[in-house]
Each structure stands twice: as C-alpha cells, then as structure tokens.
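Visitor: Got a file for you: model-v2.tsv, TSV, C-alpha atoms.
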chain	number	residue	atom	x	y	z
V	1	MET	CA	15.67	77.17	35.75
V	2	ALA	CA	16.24	76.12	39.29
V	3	TYR	CA	14.03	78.85	40.65
V	4	THR	CA	11.03	77.65	38.71
V	5	TYR	CA	11.26	73.98	39.69
V	6	SER	CA	9.13	73.31	42.75
V	7	LYS	CA	8.36	70.36	44.93
V	8	ILE	CA	4.71	69.37	45.24
V	9	ALA	CA	4.44	65.83	46.59
V	10	THR	CA	6.12	62.45	46.82
V	11	TYR	CA	4.52	59.03	47.21
V	12	THR	CA	6.72	56.18	48.42
V	13	VAL	CA	5.33	52.65	48.55
V	14	GLY	CA	5.79	51.06	51.96
V	15	SER	CA	6.23	47.44	52.93
V	16	THR	CA	2.79	46.52	51.55
V	17	SER	CA	2.57	46.65	47.76
V	18	VAL	CA	-0.21	48.78	46.28
V	19	PRO	CA	-2.19	48.62	43.01
V	20	SER	CA	-2.34	52.37	42.37
V	21	ILE	CA	-0.95	55.72	43.43
V	22	ASP	CA	-2.96	58.93	43.39
V	23	PHE	CA	-2.14	62.62	43.50
V	24	VAL	CA	-5.24	64.66	44.30
V	25	ASN	CA	-6.04	68.32	44.80
V	26	ILE	CA	-3.17	69.38	42.57
V	27	THR	CA	-2.92	73.14	42.83
V	28	GLN	CA	-3.28	75.28	39.73
V	29	THR	CA	-0.40	77.57	40.60
V	30	TYR	CA	2.23	76.23	38.22
V	31	THR	CA	2.60	76.23	34.45
V	32	ASP	CA	3.69	72.63	33.82
V	33	LEU	CA	3.87	69.39	35.76
V	34	LEU	CA	6.75	66.92	35.88
V	35	ILE	CA	6.43	63.46	37.41
V	36	LYS	CA	9.59	61.46	38.11
V	37	ILE	CA	8.91	57.78	38.64
V	38	SER	CA	11.13	55.01	40.00
V	39	ALA	CA	8.86	51.97	39.93
V	40	ARG	CA	8.77	48.19	39.97
V	41	THR	CA	5.85	45.80	40.20
V	42	VAL	CA	5.23	42.22	41.28
V	43	ARG	CA	4.05	41.14	37.82
V	44	SER	CA	5.60	37.81	36.83
V	45	ALA	CA	7.36	39.20	33.78
V	46	VAL	CA	10.39	41.32	32.92
V	47	GLU	CA	8.19	44.35	32.40
V	48	ASP	CA	4.86	45.79	33.36
V	49	GLY	CA	2.79	48.64	31.95
V	50	LEU	CA	2.42	51.97	33.68
V	51	TYR	CA	-0.98	53.60	33.27
V	52	MET	CA	-1.94	57.20	33.98
V	53	THR	CA	-5.45	58.53	34.45
V	54	ILE	CA	-6.13	62.26	34.36
V	55	ASN	CA	-8.97	63.64	36.47
V	56	GLY	CA	-10.49	60.18	36.50
V	57	GLN	CA	-11.02	60.22	32.73
V	58	THR	CA	-9.89	57.77	30.11
V	59	SER	CA	-7.17	59.21	27.97
V	60	THR	CA	-7.54	59.15	24.25
V	61	GLY	CA	-4.35	58.01	22.62
V	62	PHE	CA	-0.65	57.48	22.73
V	63	ARG	CA	2.12	56.93	20.19
V	64	ASP	CA	5.19	55.06	21.25
V	65	LEU	CA	8.72	54.57	19.96
V	66	GLU	CA	10.20	51.60	21.74
V	67	GLY	CA	13.48	49.73	21.90
V	68	ASN	CA	13.70	46.39	23.62
V	69	GLY	CA	17.39	45.60	23.26
V	70	SER	CA	16.85	43.66	20.03
V	71	THR	CA	14.42	45.62	17.90
V	72	ALA	CA	12.89	49.06	17.59
V	73	SER	CA	9.21	49.53	16.98
V	74	SER	CA	6.71	52.30	16.63
V	75	VAL	CA	3.24	51.48	17.84
V	76	SER	CA	-0.04	52.96	18.81
V	77	THR	CA	-0.52	52.14	22.42
V	78	SER	CA	-4.21	51.59	22.05
V	79	SER	CA	-3.17	47.97	21.75
V	80	TYR	CA	-1.86	48.17	25.31
V	81	GLY	CA	-5.10	49.55	26.67
V	82	ASN	CA	-6.30	52.99	27.60
V	83	ASN	CA	-4.03	55.20	29.66
V	84	TRP	CA	-0.84	53.20	29.03
V	85	VAL	CA	2.18	55.50	29.14
V	86	THR	CA	5.34	53.38	29.29
V	87	ARG	CA	6.92	50.14	30.50
V	88	ILE	CA	8.42	49.73	33.96
V	89	ASN	CA	10.29	46.92	35.72
V	90	GLY	CA	8.32	43.76	36.37
V	91	GLY	CA	8.99	41.17	39.00
V	92	THR	CA	11.36	38.97	36.99
V	93	SER	CA	13.71	41.75	35.88
V	94	THR	CA	17.03	42.03	37.69
V	95	SER	CA	16.31	42.23	41.39
V	96	THR	CA	16.19	45.63	43.11
V	97	SER	CA	16.11	47.36	39.73
V	98	PHE	CA	13.56	50.11	39.25
V	99	SER	CA	12.51	52.10	36.20
V	100	ASN	CA	13.47	55.70	35.47
V	101	VAL	CA	10.55	57.63	33.96
V	102	ASP	CA	9.81	61.31	33.35
V	103	ILE	CA	6.31	62.46	32.39
V	104	TYR	CA	6.01	66.11	31.35
V	105	ILE	CA	2.63	67.82	31.10
V	106	PRO	CA	2.81	71.42	29.83
V	107	ASN	CA	0.06	73.94	30.44
V	108	TYR	CA	-1.78	71.56	32.76
V	109	THR	CA	-4.18	74.22	34.03
V	110	SER	CA	-5.68	74.75	30.58
V	111	SER	CA	-9.09	73.36	29.72
V	112	ASN	CA	-7.73	72.32	26.35
V	113	ILE	CA	-6.61	68.82	25.46
V	114	LYS	CA	-3.31	67.89	27.10
V	115	ALA	CA	-0.20	67.04	25.11
V	116	ILE	CA	2.05	64.81	27.19
V	117	SER	CA	5.66	63.76	26.74
V	118	VAL	CA	6.99	60.57	28.31
V	119	ASP	CA	10.52	59.22	28.30
V	120	GLY	CA	10.99	56.07	30.29
V	121	VAL	CA	13.50	53.28	30.70
V	122	MET	CA	13.61	50.07	32.66
V	123	GLU	CA	16.93	48.31	33.04
V	124	ASN	CA	17.57	44.60	33.14
V	125	ASN	CA	20.95	42.90	33.19
V	126	ALA	CA	20.17	40.97	30.01
V	127	THR	CA	19.58	41.57	26.33
V	128	THR	CA	15.91	42.35	26.82
V	129	SER	CA	15.16	45.67	28.42
V	130	TYR	CA	12.66	48.31	27.40
V	131	MET	CA	12.92	52.01	26.64
V	132	ASN	CA	10.04	54.16	25.47
V	133	LEU	CA	9.58	57.62	24.01
V	134	VAL	CA	5.89	58.37	24.09
V	135	ALA	CA	3.75	61.20	22.79
V	136	ALA	CA	0.40	61.20	24.50
V	137	LEU	CA	-2.79	63.07	23.97
V	138	GLY	CA	-4.52	63.27	27.28
V	139	ALA	CA	-8.14	63.54	28.26
V	140	ILE	CA	-10.16	66.67	27.66
V	141	PRO	CA	-11.31	67.81	31.05
V	142	SER	CA	-13.25	71.03	31.25
V	143	THR	CA	-10.77	72.24	33.83
V	144	GLY	CA	-7.09	71.91	34.47
V	145	ILE	CA	-5.56	68.74	35.82
V	146	THR	CA	-6.39	68.34	39.48
V	147	SER	CA	-5.71	64.65	39.93
V	148	LEU	CA	-3.41	62.01	38.51
V	149	SER	CA	-3.74	58.31	39.18
V	150	PHE	CA	-1.09	55.74	38.30
V	151	GLY	CA	-1.68	52.03	37.96
V	152	CYS	CA	-0.05	48.87	36.63
V	153	ASN	CA	-1.06	45.30	35.84
V	154	ALA	CA	0.07	44.10	39.25
V	155	ASN	CA	1.02	45.88	42.45
V	156	PHE	CA	3.81	48.43	42.88
V	157	VAL	CA	6.49	47.08	45.20
V	158	GLU	CA	8.08	48.62	48.26
V	159	HIS	CA	10.48	51.53	47.54
V	160	THR	CA	8.60	52.54	44.39
V	161	THR	CA	8.53	56.34	44.31
V	162	PHE	CA	6.43	58.88	42.43
V	163	HIS	CA	7.60	62.50	42.65
V	164	LEU	CA	5.37	65.34	41.47
V	165	TYR	CA	6.99	68.68	40.65
V	166	GLY	CA	5.55	71.96	39.43
V	167	ILE	CA	7.35	74.05	36.84
V	168	LYS	CA	6.70	77.76	36.59
V	169	ALA	CA	7.23	79.73	33.43
V	170	GLU	CA	8.08	82.76	35.51
V	171	ILE	CA	8.24	83.68	39.16
I	1	MET	CA	11.03	93.71	27.44
I	2	SER	CA	11.91	94.87	30.89
I	3	VAL	CA	13.61	92.37	33.14
I	4	THR	CA	13.27	92.30	36.89
I	5	SER	CA	16.13	90.86	38.81
I	6	LEU	CA	15.29	87.63	40.54
I	7	LYS	CA	16.48	88.94	43.86
I	8	TYR	CA	13.69	91.49	43.90
I	9	LYS	CA	10.96	88.96	43.25
I	10	THR	CA	9.40	86.54	45.66
I	11	LYS	CA	7.93	83.15	45.01
I	12	LEU	CA	6.05	82.59	48.23
I	13	GLY	CA	4.00	85.04	50.19
I	14	THR	CA	6.12	84.34	53.22
I	15	LEU	CA	9.24	85.50	51.44
I	16	ALA	CA	9.62	89.22	51.34
I	17	ALA	CA	13.16	90.42	51.65
I	18	PRO	CA	15.52	90.48	48.69
I	19	GLY	CA	17.51	87.26	48.85
I	20	ASP	CA	14.67	85.34	50.48
I	21	VAL	CA	13.92	83.58	47.24
I	22	ASP	CA	12.97	79.92	47.42
I	23	PRO	CA	15.67	78.21	45.32
I	24	GLY	CA	13.23	75.54	44.21
I	25	ALA	CA	13.96	71.86	43.90
I	26	MET	CA	16.75	71.85	41.33
I	27	ILE	CA	20.04	72.90	42.86
I	28	PRO	CA	23.41	73.28	41.11
I	29	ILE	CA	26.00	71.16	42.90
I	30	ALA	CA	29.14	71.45	40.81
I	31	THR	CA	30.32	72.52	37.39
I	32	THR	CA	33.38	71.62	35.37
I	33	LEU	CA	34.49	73.77	32.46
I	34	LEU	CA	37.60	72.39	30.86
I	35	ALA	CA	40.34	74.85	29.97
I	36	THR	CA	42.61	72.05	28.80
I	37	THR	CA	42.03	68.51	27.62
I	38	ALA	CA	41.13	65.77	30.08
I	39	SER	CA	40.41	62.09	29.63
I	40	THR	CA	37.99	61.95	32.56
I	41	ILE	CA	35.72	64.28	34.49
I	42	THR	CA	34.89	63.27	38.05
I	43	PHE	CA	32.44	64.56	40.63
I	44	SER	CA	33.35	63.36	44.11
I	45	ASN	CA	31.94	63.61	47.62
I	46	ILE	CA	28.36	63.87	46.40
I	47	THR	CA	26.20	64.30	49.45
I	48	ARG	CA	22.94	62.43	50.04
I	49	GLU	CA	20.75	65.47	50.63
I	50	TYR	CA	18.96	65.25	47.29
I	51	GLU	CA	16.55	62.74	45.83
I	52	HIS	CA	17.77	62.68	42.23
I	53	LEU	CA	20.76	63.82	40.20
I	54	GLN	CA	20.89	65.37	36.77
I	55	ILE	CA	23.99	65.91	34.66
I	56	ARG	CA	24.05	68.33	31.74
I	57	LEU	CA	26.98	67.75	29.46
I	58	LEU	CA	28.25	69.81	26.56
I	59	GLY	CA	30.91	67.53	25.15
I	60	VAL	CA	33.69	68.78	22.90
I	61	SER	CA	35.87	65.93	21.79
I	62	GLY	CA	37.53	64.08	18.98
I	63	ALA	CA	36.47	60.87	20.65
I	64	THR	CA	33.35	59.02	19.56
I	65	TYR	CA	31.76	58.15	22.88
I	66	SER	CA	31.96	58.47	26.63
I	67	GLU	CA	31.13	56.24	29.56
I	68	ILE	CA	29.91	56.78	33.07
I	69	ALA	CA	30.80	54.80	36.20
I	70	PHE	CA	29.98	55.20	39.87
I	71	ASN	CA	31.99	55.03	43.08
I	72	SER	CA	35.15	53.91	41.21
I	73	ASP	CA	33.53	50.59	40.39
I	74	PHE	CA	34.89	49.50	37.01
I	75	GLY	CA	33.90	45.87	37.36
I	76	ALA	CA	31.33	44.05	35.26
I	77	ASN	CA	28.47	45.46	37.29
I	78	TYR	CA	26.62	47.53	34.73
I	79	SER	CA	24.06	47.05	32.00
I	80	TRP	CA	23.06	49.42	29.22
I	81	HIS	CA	20.63	49.68	26.32
I	82	GLN	CA	20.05	52.20	23.58
I	83	LEU	CA	17.76	53.41	20.85
I	84	GLN	CA	19.58	55.41	18.19
I	85	THR	CA	18.75	57.19	14.97
I	86	ASP	CA	20.76	59.09	12.38
I	87	ALA	CA	17.56	60.43	10.81
I	88	THR	CA	17.59	57.58	8.29
I	89	THR	CA	17.46	54.39	10.32
I	90	ILE	CA	16.69	53.40	13.88
I	91	THR	CA	18.90	50.88	15.61
I	92	VAL	CA	19.02	49.33	19.06
I	93	GLY	CA	21.71	47.78	21.17
I	94	GLY	CA	22.63	46.79	24.64
I	95	GLY	CA	24.97	44.96	26.92
I	96	ALA	CA	24.83	43.05	30.18
I	97	SER	CA	27.51	42.70	32.85
I	98	ALA	CA	29.45	45.58	31.31
I	99	ASN	CA	32.23	47.57	32.94
I	100	GLN	CA	30.55	50.96	32.52
I	101	ILE	CA	27.43	52.55	31.10
I	102	TYR	CA	27.66	54.19	27.70
I	103	ALA	CA	26.96	57.87	28.24
I	104	ALA	CA	27.22	60.69	25.72
I	105	GLN	CA	28.03	59.88	22.15
I	106	LEU	CA	30.54	62.52	21.13
I	107	GLY	CA	31.07	64.40	17.89
I	108	SER	CA	34.37	62.78	16.86
I	109	SER	CA	35.58	66.30	16.15
I	110	THR	CA	36.25	69.25	18.38
I	111	SER	CA	34.21	71.36	15.97
I	112	VAL	CA	31.09	69.22	16.58
I	113	PRO	CA	29.86	69.45	20.16
I	114	SER	CA	27.35	67.04	21.61
I	115	ILE	CA	24.68	67.70	24.20
I	116	THR	CA	23.45	65.24	26.80
I	117	ILE	CA	21.08	65.24	29.76
I	118	ILE	CA	21.52	62.36	32.20
I	119	ASP	CA	18.97	61.58	34.92
I	120	ILE	CA	19.72	59.35	37.89
I	121	LEU	CA	16.74	58.68	40.16
I	122	ASP	CA	16.99	57.82	43.85
I	123	TYR	CA	20.79	57.91	43.70
I	124	SER	CA	21.18	57.52	47.45
I	125	ASN	CA	18.46	54.92	48.03
I	126	THR	CA	20.23	51.84	49.38
I	127	SER	CA	17.31	49.56	48.49
I	128	LYS	CA	17.67	50.09	44.76
I	129	ASN	CA	20.13	49.49	41.99
I	130	LYS	CA	20.80	52.79	40.24
I	131	THR	CA	19.01	53.32	36.93
I	132	VAL	CA	20.24	55.97	34.50
I	133	LYS	CA	18.35	57.56	31.60
I	134	LEU	CA	19.91	59.88	29.07
I	135	LEU	CA	19.09	61.80	25.92
I	136	ASN	CA	22.03	62.70	23.71
I	137	ALA	CA	22.30	64.52	20.41
I	138	VAL	CA	24.95	65.58	17.93
I	139	ASP	CA	24.39	67.69	14.86
I	140	ALA	CA	27.17	68.15	12.32
I	141	ASN	CA	25.30	70.37	9.86
I	142	GLY	CA	24.29	67.70	7.40
I	143	SER	CA	24.70	64.63	9.54
I	144	GLY	CA	24.09	63.77	13.12
I	145	PHE	CA	22.37	61.40	15.48
I	146	ILE	CA	20.20	61.08	18.55
I	147	TYR	CA	20.69	58.51	21.29
I	148	PHE	CA	18.18	57.50	23.95
I	149	ARG	CA	20.05	55.36	26.44
I	150	SER	CA	19.49	53.58	29.69
I	151	GLY	CA	21.88	51.98	32.09
I	152	ALA	CA	22.02	50.40	35.49
I	153	TRP	CA	24.63	50.02	38.16
I	154	MET	CA	23.85	46.71	39.80
I	155	ASN	CA	24.65	47.99	43.24
I	156	THR	CA	22.46	49.42	45.97
I	157	ASN	CA	25.13	51.66	47.48
I	158	ALA	CA	24.50	55.39	47.43
I	159	ILE	CA	26.31	57.15	44.60
I	160	SER	CA	29.03	59.41	45.95
I	161	THR	CA	31.35	59.61	42.94
I	162	ILE	CA	30.58	59.92	39.24
I	163	ARG	CA	33.27	59.53	36.61
I	164	ILE	CA	32.68	60.34	32.95
I	165	ALA	CA	35.44	59.04	30.70
I	166	ALA	CA	36.11	59.75	27.04
I	167	GLN	CA	36.27	56.54	25.05
I	168	GLY	CA	37.48	54.28	27.82
I	169	SER	CA	39.89	56.96	29.02
I	170	THR	CA	41.83	56.63	25.77
I	171	GLY	CA	40.13	59.67	24.31
I	172	THR	CA	39.95	63.16	25.66
I	173	PHE	CA	37.45	65.91	26.27
I	174	ALA	CA	38.69	69.17	24.78
I	175	SER	CA	38.73	72.69	26.09
I	176	GLY	CA	35.22	74.05	26.23
I	177	THR	CA	33.64	70.87	27.50
I	178	HIS	CA	31.11	71.85	30.15
I	179	VAL	CA	29.56	69.47	32.66
I	180	ALA	CA	27.07	70.56	35.31
I	181	LEU	CA	25.79	68.37	38.14
I	182	TYR	CA	22.44	69.22	39.70
I	183	GLY	CA	20.66	67.82	42.71
I	184	ILE	CA	16.89	67.56	42.62
I	185	LYS	CA	15.22	67.68	46.00
I	186	ARG	CA	12.51	65.34	47.15
I	187	ALA	CA	9.08	66.48	46.06
I	188	GLY	CA	6.93	67.41	49.03
I	189	ALA	CA	8.03	67.38	52.64
Could you render the structure from this file as structure tokens?
Guide:
Amino acid sequence: MAYTYSKIATYTVGSTSVPSIDFVNITQTYTDLLIKISARTVRSAVEDGLYMTINGQTSTGFRDLEGNGSTASSVSTSSYGNNWVTRINGGTSTSTSFSNVDIYIPNYTSSNIKAISVDGVMENNATTSYMNLVAALGAIPSTGITSLSFGCNANFVEHTTFHLYGIKAEI
Amino acid sequence: MSVTSLKYKTKLGTLAAPGDVDPGAMIPIATTLLATTASTITFSNITREYEHLQIRLLGVSGATYSEIAFNSDFGANYSWHQLQTDATTITVGGGASANQIYAAQLGSSTSVPSITIIDILDYSNTSKNKTVKLLNAVDANGSGFIYFRSGAWMNTNAISTIRIAAQGSTGTFASGTHVALYGIKRAGA
C-alpha cells in the first residue's frame, strides 16, 4: 500500500483566516484521491459545515449518518445545502480543537458520476460533538476531477490544514 | 497473472535503478506482533517527521474494549464520542474529561478478532489538540458490531508515545494481536 500513496499538495491556513481553500490543476495520473482535513472555523457555534465543490459544479446529493453525542440520525444533506460533506469544529467548540476528516474519491479521472465516501469527526470536551459517515454522489463533469474547492459558513482559522493525496491502483 | 517485483518497477521517470522506488507518503514505523499476552502495547520515541499517524490493529482478546492514551498522560484530559451499531440498532455515547480515549472494541473471546484503523491528524502540531478518528469492527459469525469513534487529547504537545491498553490494563491482548504504526508524510513539498 505504501508505494501507491503519494503526496500531491497541502494547504495550511496562515494567520489570516480564509473563506475557502482550492486545489487546482489536479493531475490525472492517479487512480483515487484522498483528502485529509484538520479544520476549524470562526463560526459562533460548536460546529460548522464543510462544503466541497468539484470542478466548480454543484454536487447532486449526499446521505449522512450522524451521531451528536446524544442521538443518531440519518438524513439527506440537501437540507444542509448543496455540496455539504460533513461537520467540522466551529468557534465555540473546545479551544485549539480541530476536526479529523477523510474524503475518498475513487476513479476520479473518469467522466462518470463520482461516488464519494466521507468519514469525519469533530471533538468537543462536552456531551455534544459530531461524527458523520457520508455517502456522496458528486457532480457529473465531462472530464475527470481537476479542481476541488472547500468552503464553510465562516472562515477557516489559522492552522487549518487540507492535505491532498493520490492513490495508485498499481505502480 | 504474472507479478513483477516492486524493486524492478519505477514510479517516477527520474527513478531508474532497482531500489530507487519512491516509497510514497505512507511509511511503516513500527509493528508489534504479540507472541504472549500483554495488557498494554506501547509505541515510544515517535519522531516528528510525519504529518499524520495511522494505527492498524488486529486485536485478539478476551477483553471487551481497549483504550488509547498519549505521552503517558492518564489524567482527565480526554474526550470521546461514538456511533455504534450491532446491525439491529444504532446507539451513541460519549464522555468529557475522561482519562483515556476508547479505542478498539474487542471480541471478548480470543476466537473473535477485531479490526481497527485509527487516524491521528497533525500529531506533532503544537498549535492543536490531537483529534483521533477510528473505525472498528467485530464479526462473530452471527453477531457483531461496528464502532465509529472520535476522541481528543486536550493537549497541544506533540505525540511521542502511544499506549493502547486492554480494558483499563485489567484485560490482556492475546498472542496473535498485531498492531502496526504508520507515518503519513505531508502532502506536497
């Protein structure tokens, strides 16, 4: 496995918070993509939403299994807005705590619709904390994925990191 | 199907000689394979040269659960939450100011192994508490469960030691338990 797991790019938020993070000109030389996200926003709430846009297009749907420390729920994320993928730490969660999210996109160079798997957690030193298992059906670009844009309802804070890896089926 | 040895293949055009294979971003750091029982498994002296850590655990144990703690801190400096199903119902749970993070749920029998993948992002970043995510499963051929868990160590120190304990160190991992620690390098330069 190790030989097929390659580094592509990392984005680290600096001292000025930012509303979005973009990966562009993603090469088509891998089989799958993996994005590892450690994020927190300035939103005045325990949590914030993380949104992902593929090739600038609106994605079409997500299904979410969520636990919040008290209850479990299964929802269609259309109620959260287009492109929602999971919850991340908001500004009132335990200080200096950041989410832990993996987004896996198999066969990203295909022109077919993209099936996307998301498993994300945000921790909070309290009863309420969110964890999400999400199945997503991405946009239908006529080409493979060449750009990914990530947003939230407020700005991403300093030390937020987005890591993009390429996975090869064979080398 | 014919198989070509990895050492004769190259991943980058600049790599030509056998052995010049780019090892990629996911690097094995250490492995423990128990030959006898042990109540804890510890990885020490973890260097800071990676961006993330991943632990892959095959747990063989008569205990019911395990816990994970960092840098020998067993104080009330952790939180954890979980989403669990036994294929019939889904339950949730969690705890604040706990002494450790719940890690792998174990099979309660040495004939029922459990599998767990634990991800720790930015483990050496001294501006962040450490957030853990894990997927854990046990199948007992007719029963079983899946756990999706999170946890946090409310400390910004870099992680240098990881201890996994069976049921508060009162249980044991049995022979055949296998734990592998990987480092995942920073993506990009």
Visitor: List as a PyMOL selection string the protein and nucleic acid residues near stretch 179-185 of chain I, meaning an atom at most 7 Å away when all atoms listed in the file are counted, but skip any in the same chain fewer than 5 places from it.
Guide: chain I and resi 25-33+50-58
Visitor: Rounded to one decimal, what separation in Å do you get between atom CA of V:Glu158 and atom CA of I:Thr156?
Guide: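 About the pair atom CA of V:Glu158 and atom CA of I:Thr156: they are 14.6 Å apart.
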Visitor: List as number ranges by chain the protein and nucleic acid residues near I:Thr85, meaning an atom at most 7 Å away when only C-alpha atoms are counted, but skip any in the same chain fewer than 4 places from it.
Guide: I: 89-91, 145-147
Visitor: Give me the residues within 10 Å of V:Glu123 as a CSV table (one decimal) with C-alpha atoms, keeping the file's coordinate frame, counting all atoms listed in the file and dropping any in the same chain fewer than 3 places off.
Guide:
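To be explicit, this is the file written out as around_8.csv:
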chain,number,residue,atom,x,y,z
V,46,VAL,CA,10.4,41.3,32.9
V,47,GLU,CA,8.2,44.4,32.4
V,88,ILE,CA,8.4,49.7,34.0
V,89,ASN,CA,10.3,46.9,35.7
V,93,SER,CA,13.7,41.8,35.9
V,94,THR,CA,17.0,42.0,37.7
V,97,SER,CA,16.1,47.4,39.7
V,98,PHE,CA,13.6,50.1,39.2
V,99,SER,CA,12.5,52.1,36.2
V,100,ASN,CA,13.5,55.7,35.5
V,126,ALA,CA,20.2,41.0,30.0
V,127,THR,CA,19.6,41.6,26.3
V,128,THR,CA,15.9,42.4,26.8
V,129,SER,CA,15.2,45.7,28.4
V,130,TYR,CA,12.7,48.3,27.4
V,131,MET,CA,12.9,52.0,26.6
I,78,TYR,CA,26.6,47.5,34.7
I,79,SER,CA,24.1,47.0,32.0
I,80,TRP,CA,23.1,49.4,29.2
I,81,HIS,CA,20.6,49.7,26.3
I,96,ALA,CA,24.8,43.0,30.2
I,129,ASN,CA,20.1,49.5,42.0
I,130,LYS,CA,20.8,52.8,40.2
I,131,THR,CA,19.0,53.3,36.9
I,132,VAL,CA,20.2,56.0,34.5
I,133,LYS,CA,18.4,57.6,31.6
I,150,SER,CA,19.5,53.6,29.7
I,151,GLY,CA,21.9,52.0,32.1
I,152,ALA,CA,22.0,50.4,35.5
I,153,TRP,CA,24.6,50.0,38.2
I,154,MET,CA,23.8,46.7,39.8
Visitor: Which residues of chain V have any atom within 8 Å of an atom in chain I when counting all atoms listed in the file, and what is the closest pair of atoms for each, with the distance in Å to one decimal? Order the rows by chain and rising number and write it as JSON lines.
Guide:
{"residue": "V:Met1", "atom": "CA", "partner": "I:Met26", "partner_atom": "CA", "distance": 7.8}
{"residue": "V:Ala2", "atom": "CA", "partner": "I:Met26", "partner_atom": "CA", "distance": 4.8}
{"residue": "V:Tyr3", "atom": "CA", "partner": "I:Gly24", "partner_atom": "CA", "distance": 4.9}
{"residue": "V:Thr4", "atom": "CA", "partner": "I:Gly24", "partner_atom": "CA", "distance": 6.3}
{"residue": "V:Tyr5", "atom": "CA", "partner": "I:Gly24", "partner_atom": "CA", "distance": 5.2}
{"residue": "V:Ser6", "atom": "CA", "partner": "I:Gly24", "partner_atom": "CA", "distance": 4.9}
{"residue": "V:Lys7", "atom": "CA", "partner": "I:Ala187", "partner_atom": "CA", "distance": 4.1}
{"residue": "V:Ile8", "atom": "CA", "partner": "I:Gly188", "partner_atom": "CA", "distance": 4.8}
{"residue": "V:Ala9", "atom": "CA", "partner": "I:Gly188", "partner_atom": "CA", "distance": 3.8}
{"residue": "V:Thr10", "atom": "CA", "partner": "I:Ala187", "partner_atom": "CA", "distance": 5.1}
{"residue": "V:Lys36", "atom": "CA", "partner": "I:Leu121", "partner_atom": "CA", "distance": 7.9}
{"residue": "V:Ser38", "atom": "CA", "partner": "I:Leu121", "partner_atom": "CA", "distance": 6.7}
{"residue": "V:Glu66", "atom": "CA", "partner": "I:Leu83", "partner_atom": "CA", "distance": 7.8}
{"residue": "V:Gly67", "atom": "CA", "partner": "I:Leu83", "partner_atom": "CA", "distance": 5.7}
{"residue": "V:Asn68", "atom": "CA", "partner": "I:Val92", "partner_atom": "CA", "distance": 7.6}
{"residue": "V:Gly69", "atom": "CA", "partner": "I:Gly93", "partner_atom": "CA", "distance": 5.3}
{"residue": "V:Ser70", "atom": "CA", "partner": "I:Val92", "partner_atom": "CA", "distance": 6.1}
{"residue": "V:Thr71", "atom": "CA", "partner": "I:Val92", "partner_atom": "CA", "distance": 6.0}
{"residue": "V:Ala72", "atom": "CA", "partner": "I:Val92", "partner_atom": "CA", "distance": 6.3}
{"residue": "V:Thr96", "atom": "CA", "partner": "I:Lys128", "partner_atom": "CA", "distance": 5.0}
{"residue": "V:Ser97", "atom": "CA", "partner": "I:Asn129", "partner_atom": "CA", "distance": 5.1}
{"residue": "V:Phe98", "atom": "CA", "partner": "I:Thr131", "partner_atom": "CA", "distance": 6.7}
{"residue": "V:Ser99", "atom": "CA", "partner": "I:Thr131", "partner_atom": "CA", "distance": 6.7}
{"residue": "V:Asn100", "atom": "CA", "partner": "I:Thr131", "partner_atom": "CA", "distance": 6.2}
{"residue": "V:Gly120", "atom": "CA", "partner": "I:Lys133", "partner_atom": "CA", "distance": 7.6}
{"residue": "V:Val121", "atom": "CA", "partner": "I:Ser150", "partner_atom": "CA", "distance": 6.1}
{"residue": "V:Met122", "atom": "CA", "partner": "I:Ser150", "partner_atom": "CA", "distance": 7.5}
{"residue": "V:Glu123", "atom": "CA", "partner": "I:Ala152", "partner_atom": "CA", "distance": 6.0}
{"residue": "V:Asn124", "atom": "CA", "partner": "I:Ser79", "partner_atom": "CA", "distance": 7.0}
{"residue": "V:Asn125", "atom": "CA", "partner": "I:Ala96", "partner_atom": "CA", "distance": 4.9}
{"residue": "V:Ala126", "atom": "CA", "partner": "I:Ala96", "partner_atom": "CA", "distance": 5.1}
{"residue": "V:Thr127", "atom": "CA", "partner": "I:Gly94", "partner_atom": "CA", "distance": 6.3}
{"residue": "V:Ser129", "atom": "CA", "partner": "I:His81", "partner_atom": "CA", "distance": 7.1}
{"residue": "V:Met131", "atom": "CA", "partner": "I:Ser150", "partner_atom": "CA", "distance": 7.4}
{"residue": "V:His159", "atom": "CA", "partner": "I:Ser127", "partner_atom": "CA", "distance": 7.2}
{"residue": "V:His163", "atom": "CA", "partner": "I:Ala187", "partner_atom": "CA", "distance": 5.4}
{"residue": "V:Leu164", "atom": "CA", "partner": "I:Ala187", "partner_atom": "CA", "distance": 6.0}
{"residue": "V:Tyr165", "atom": "CA", "partner": "I:Ala187", "partner_atom": "CA", "distance": 6.2}
{"residue": "V:Ile171", "atom": "CA", "partner": "I:Lys11", "partner_atom": "CA", "distance": 5.9}
Visitor: Can you work out the spacing between atom CA of V:Asn107 and atom CA of V:Gly81 in Å, to one decimal?
Guide: 25.2 Å
Visitor: Could you jot down the atom CA of I:Ser44 to atom CA of I:Ala158 separation for me, Å, one decimal place?
Guide: 12.4 Å
Visitor: Taking only C-alpha atoms into account, which of V:Ala45, V:Val24, V:Ile113, V:Leu65 comes nearest V:Thr92?
Guide: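 Of V:Ala45, V:Val24, V:Ile113, V:Leu65, the one nearest V:Thr92, counting only C-alpha atoms, is V:Ala45.
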Visitor: With all atoms listed in the file as the atoms that count, which of V:Asn153, V:Asp22, V:Ser74, V:Thr31 lies nearest to V:Tyr104?
Guide: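 Among V:Asn153, V:Asp22, V:Ser74, V:Thr31, it is V:Thr31 that comes nearest to V:Tyr104.
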Visitor: Need the shell around I:Thr64: protein/DNA/RNA residues with any atom at most 12 Å away, counting all atoms listed in the file. Skip same-chain ones fewer than 2 positions apart. Format as an MDAnalysis selection string?
Guide: chainID I and resid 59:62 66:67 102:110 112:114 138 145 165:173
Visitor: So that I can see what lies close to V:Phe150, please list as a PyMOL selection string the residues with an atom at most 7 Å from it, counting all atoms listed in the file and leaving out residues fewer than 2 positions away in the same chain.
Guide: chain V and resi 20-22+50-53+148
Visitor: Go through V:Thr27, V:Cys152, V:Gly90, V:Leu133 and flag the residue nearest V:Ser76, using only C-alpha atoms for the distances.
Guide: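 Checking each of V:Thr27, V:Cys152, V:Gly90, V:Leu133 against V:Ser76, counting only C-alpha atoms, the winner is V:Leu133.
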Visitor: Residues within 12 Å of (-6.6, 69.3, 32.9), file coordinates, counting all atoms listed in the file: what are they? Give the list as number ranges by chain.
Guide: V: 25-28, 31-33, 53-57, 59, 105-116, 137-148
Visitor: Of the candidates I:Gln100, I:Tyr123, I:Ala87, I:Ile117, which one gets nearest to I:Ile68 if we count all atoms listed in the file?
Guide: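 Comparing I:Gln100, I:Tyr123, I:Ala87, I:Ile117 against I:Ile68, the winner is I:Gln100.
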